[in-house]
Amino acid sequence: MAVQPVPAEYPRITPYLCVDGAAAAIDFYVSVLGAEERSRMPAPGGKIGHAEIQLGNSIVMLADEYPDMNFRSPKAIGGTPMTLHVYVEDVDAVFAKALAQGAKELSAVKDEFYGDRAGQFEDPFGHRWSVASHIEDVSAEEMEKRAAKAMEGMDPDAKSS
């Protein structure tokens, strides 16, 4: 049997998070997002050298930060430019649980023009999450109208702070 270059049990793209406090982050993701821990490899000093969690059919890899290997967490570099998007059964409940467990609200949960009820938070480890529940199927024609309306008055050259 030939070895597959893309393992069958992994999605094509798998995020790999650097976390200051990987064990606590795993606990947070299990509690808040309903993740299942797949594996955990201990490293010297009580750190986690590699771990994997599963959210539905998606996998997220993570490990503690190792500055000497230039593997640094969002807190160490002043934030993150990316957001992880995850669909959940009850966005309001998940969002409330995240905030109760130390996450910071970035945008409140609300019904969005594209058919999702969604909100964003930063977890206690500096990673940004967009959580959503799909509430409406929107046709391409209707999506175009709603998007145009949602973008009215937006300055494309404006800098966000």
# chains A, B, ... in the order shown; residues from 1 in each chain; ligands from 1
>>> residues_around(residues="Ile26 (chain A)", least_positions_apart="5", cutoff="10 Å", atoms="only C-alpha atoms", output="short mmCIF file (atom, residue, chain, number, x, y, z; two decimals) with N, CA and C atoms, in the first residue's frame")
data_model
loop_
_atom_site.label_atom_id
_atom_site.label_comp_id
_atom_site.auth_asym_id
_atom_site.auth_seq_id
_atom_site.Cartn_x
_atom_site.Cartn_y
_atom_site.Cartn_z
N VAL A 19 0.23 28.71 21.15
CA VAL A 19 -0.52 29.17 22.31
C VAL A 19 0.37 29.29 23.54
N GLY A 21 0.10 28.66 26.85
CA GLY A 21 -0.83 27.95 27.74
C GLY A 21 -1.67 26.95 26.97
N SER A 31 -14.47 22.93 26.24
CA SER A 31 -15.62 23.44 26.98
C SER A 31 -16.51 24.36 26.16
N VAL A 32 -15.91 25.31 25.47
CA VAL A 32 -16.68 26.34 24.77
C VAL A 32 -17.16 25.88 23.39
N ALA A 35 -15.01 20.96 21.21
CA ALA A 35 -13.93 20.22 20.56
C ALA A 35 -13.67 18.90 21.29
N GLU A 36 -13.11 17.96 20.55
CA GLU A 36 -12.65 16.70 21.14
C GLU A 36 -11.13 16.67 21.01
N GLU A 37 -10.47 16.33 22.11
CA GLU A 37 -9.02 16.21 22.06
C GLU A 37 -8.64 14.91 21.37
N ARG A 40 -2.15 14.52 22.37
CA ARG A 40 -1.36 15.48 23.12
C ARG A 40 0.02 14.87 23.36
N ALA A 51 -0.39 19.06 19.91
CA ALA A 51 -1.70 18.51 20.26
C ALA A 51 -2.63 18.72 19.09
N GLU A 52 -3.71 17.94 19.08
CA GLU A 52 -4.72 18.09 18.05
C GLU A 52 -6.10 18.01 18.69
N ILE A 53 -6.97 18.90 18.23
CA ILE A 53 -8.37 18.86 18.62
C ILE A 53 -9.20 18.72 17.35
N LEU A 62 -2.16 22.43 17.70
CA LEU A 62 -1.67 23.50 18.55
C LEU A 62 -0.53 23.01 19.42
N ALA A 63 0.24 23.95 19.91
CA ALA A 63 1.35 23.67 20.80
C ALA A 63 1.67 24.92 21.61
#
>>> residues_around(residues="region 84-90 of chain A", least_positions_apart="6", cutoff="6 Å", atoms="only C-alpha atoms", output="list in words")
Trp129, Ser130, Val131, Ala132 and Ser133 of chain A
>>> select_by_dssp(residues="region 4-155 of chain A", states="strand (DSSP E or B)", output="ChimeraX atom specification")
/A:16-19,36-42,48-55,58-64,66,71,83-87,104-111,116-122,128-134
>>> write_last_selection(atoms="C-alpha atoms", output="CSV table (one decimal), in the first residue's frame")
chain,number,residue,atom,x,y,z
A,16,TYR,CA,-1.7,25.2,13.6
A,17,LEU,CA,-2.0,27.5,16.6
A,18,CYS,CA,0.8,28.7,18.8
A,19,VAL,CA,-0.5,29.2,22.3
A,36,GLU,CA,-12.6,16.7,21.1
A,37,GLU,CA,-9.0,16.2,22.1
A,38,ARG,CA,-7.4,13.8,19.6
A,39,SER,CA,-3.8,13.8,20.8
A,40,ARG,CA,-1.4,15.5,23.1
A,41,MET,CA,2.4,15.1,23.2
A,42,PRO,CA,4.1,16.4,26.3
A,48,ILE,CA,2.8,20.7,25.1
A,49,GLY,CA,5.0,20.0,22.1
A,50,HIS,CA,2.0,19.1,19.8
A,51,ALA,CA,-1.7,18.5,20.3
A,52,GLU,CA,-4.7,18.1,18.0
A,53,ILE,CA,-8.4,18.9,18.6
A,54,GLN,CA,-11.3,18.1,16.4
A,55,LEU,CA,-14.3,20.3,15.7
A,58,SER,CA,-12.1,19.9,11.1
A,59,ILE,CA,-8.8,19.5,12.9
A,60,VAL,CA,-6.8,22.2,14.7
A,61,MET,CA,-3.2,21.5,15.7
A,62,LEU,CA,-1.7,23.5,18.5
A,63,ALA,CA,1.4,23.7,20.8
A,64,ASP,CA,2.9,25.9,23.5
A,66,TYR,CA,8.8,28.2,21.8
A,71,PHE,CA,7.1,29.9,17.4
A,83,THR,CA,-9.7,34.8,12.5
A,84,LEU,CA,-10.8,31.2,12.7
A,85,HIS,CA,-14.5,30.7,11.6
A,86,VAL,CA,-16.5,27.9,13.1
A,87,TYR,CA,-20.1,26.9,12.7
A,104,LYS,CA,-13.3,39.2,25.0
A,105,GLU,CA,-16.1,40.3,22.7
A,106,LEU,CA,-15.0,41.8,19.4
A,107,SER,CA,-18.4,42.0,17.8
A,108,ALA,CA,-21.7,41.0,19.3
A,109,VAL,CA,-23.8,38.2,17.9
A,110,LYS,CA,-26.3,39.4,15.4
A,111,ASP,CA,-28.1,38.3,12.3
A,116,ASP,CA,-25.7,33.6,9.4
A,117,ARG,CA,-26.2,34.6,13.0
A,118,ALA,CA,-22.6,35.4,14.0
A,119,GLY,CA,-20.3,37.1,16.4
A,120,GLN,CA,-16.5,37.4,17.1
A,121,PHE,CA,-14.5,37.0,20.2
A,122,GLU,CA,-10.8,36.8,21.2
A,128,ARG,CA,-9.8,35.4,17.2
A,129,TRP,CA,-12.8,33.3,16.5
A,130,SER,CA,-15.9,34.0,14.5
A,131,VAL,CA,-18.7,31.7,15.6
A,132,ALA,CA,-21.9,31.3,13.6
A,133,SER,CA,-25.1,29.4,13.2
A,134,HIS,CA,-26.6,29.4,9.7
>>> atom_distance(atom1="CA of Pro124 (chain A)", atom2="CA of Arg12 (chain A)")
27.5 Å
>>> select_by_dssp(residues="chain A", states="alpha helix (DSSP H)", output="ChimeraX atom specification")
/A:22-33,74-77,91-100,140-151
>>> closest_residue(among="A:Asp20, A:Asp92, A:Glu112, A:Asp157", to="Met143 (chain A)", atoms="only C-alpha atoms")
A:Glu112
>>> closest_residue(among="A:Asn57, A:Gly115, A:Gly78, A:Pro44", to="Pro11 (chain A)", atoms="only C-alpha atoms")
A:Asn57
>>> atom_distance(atom1="CA of Ala98 (chain A)", atom2="CA of Pro81 (chain A)")
20.2 Å
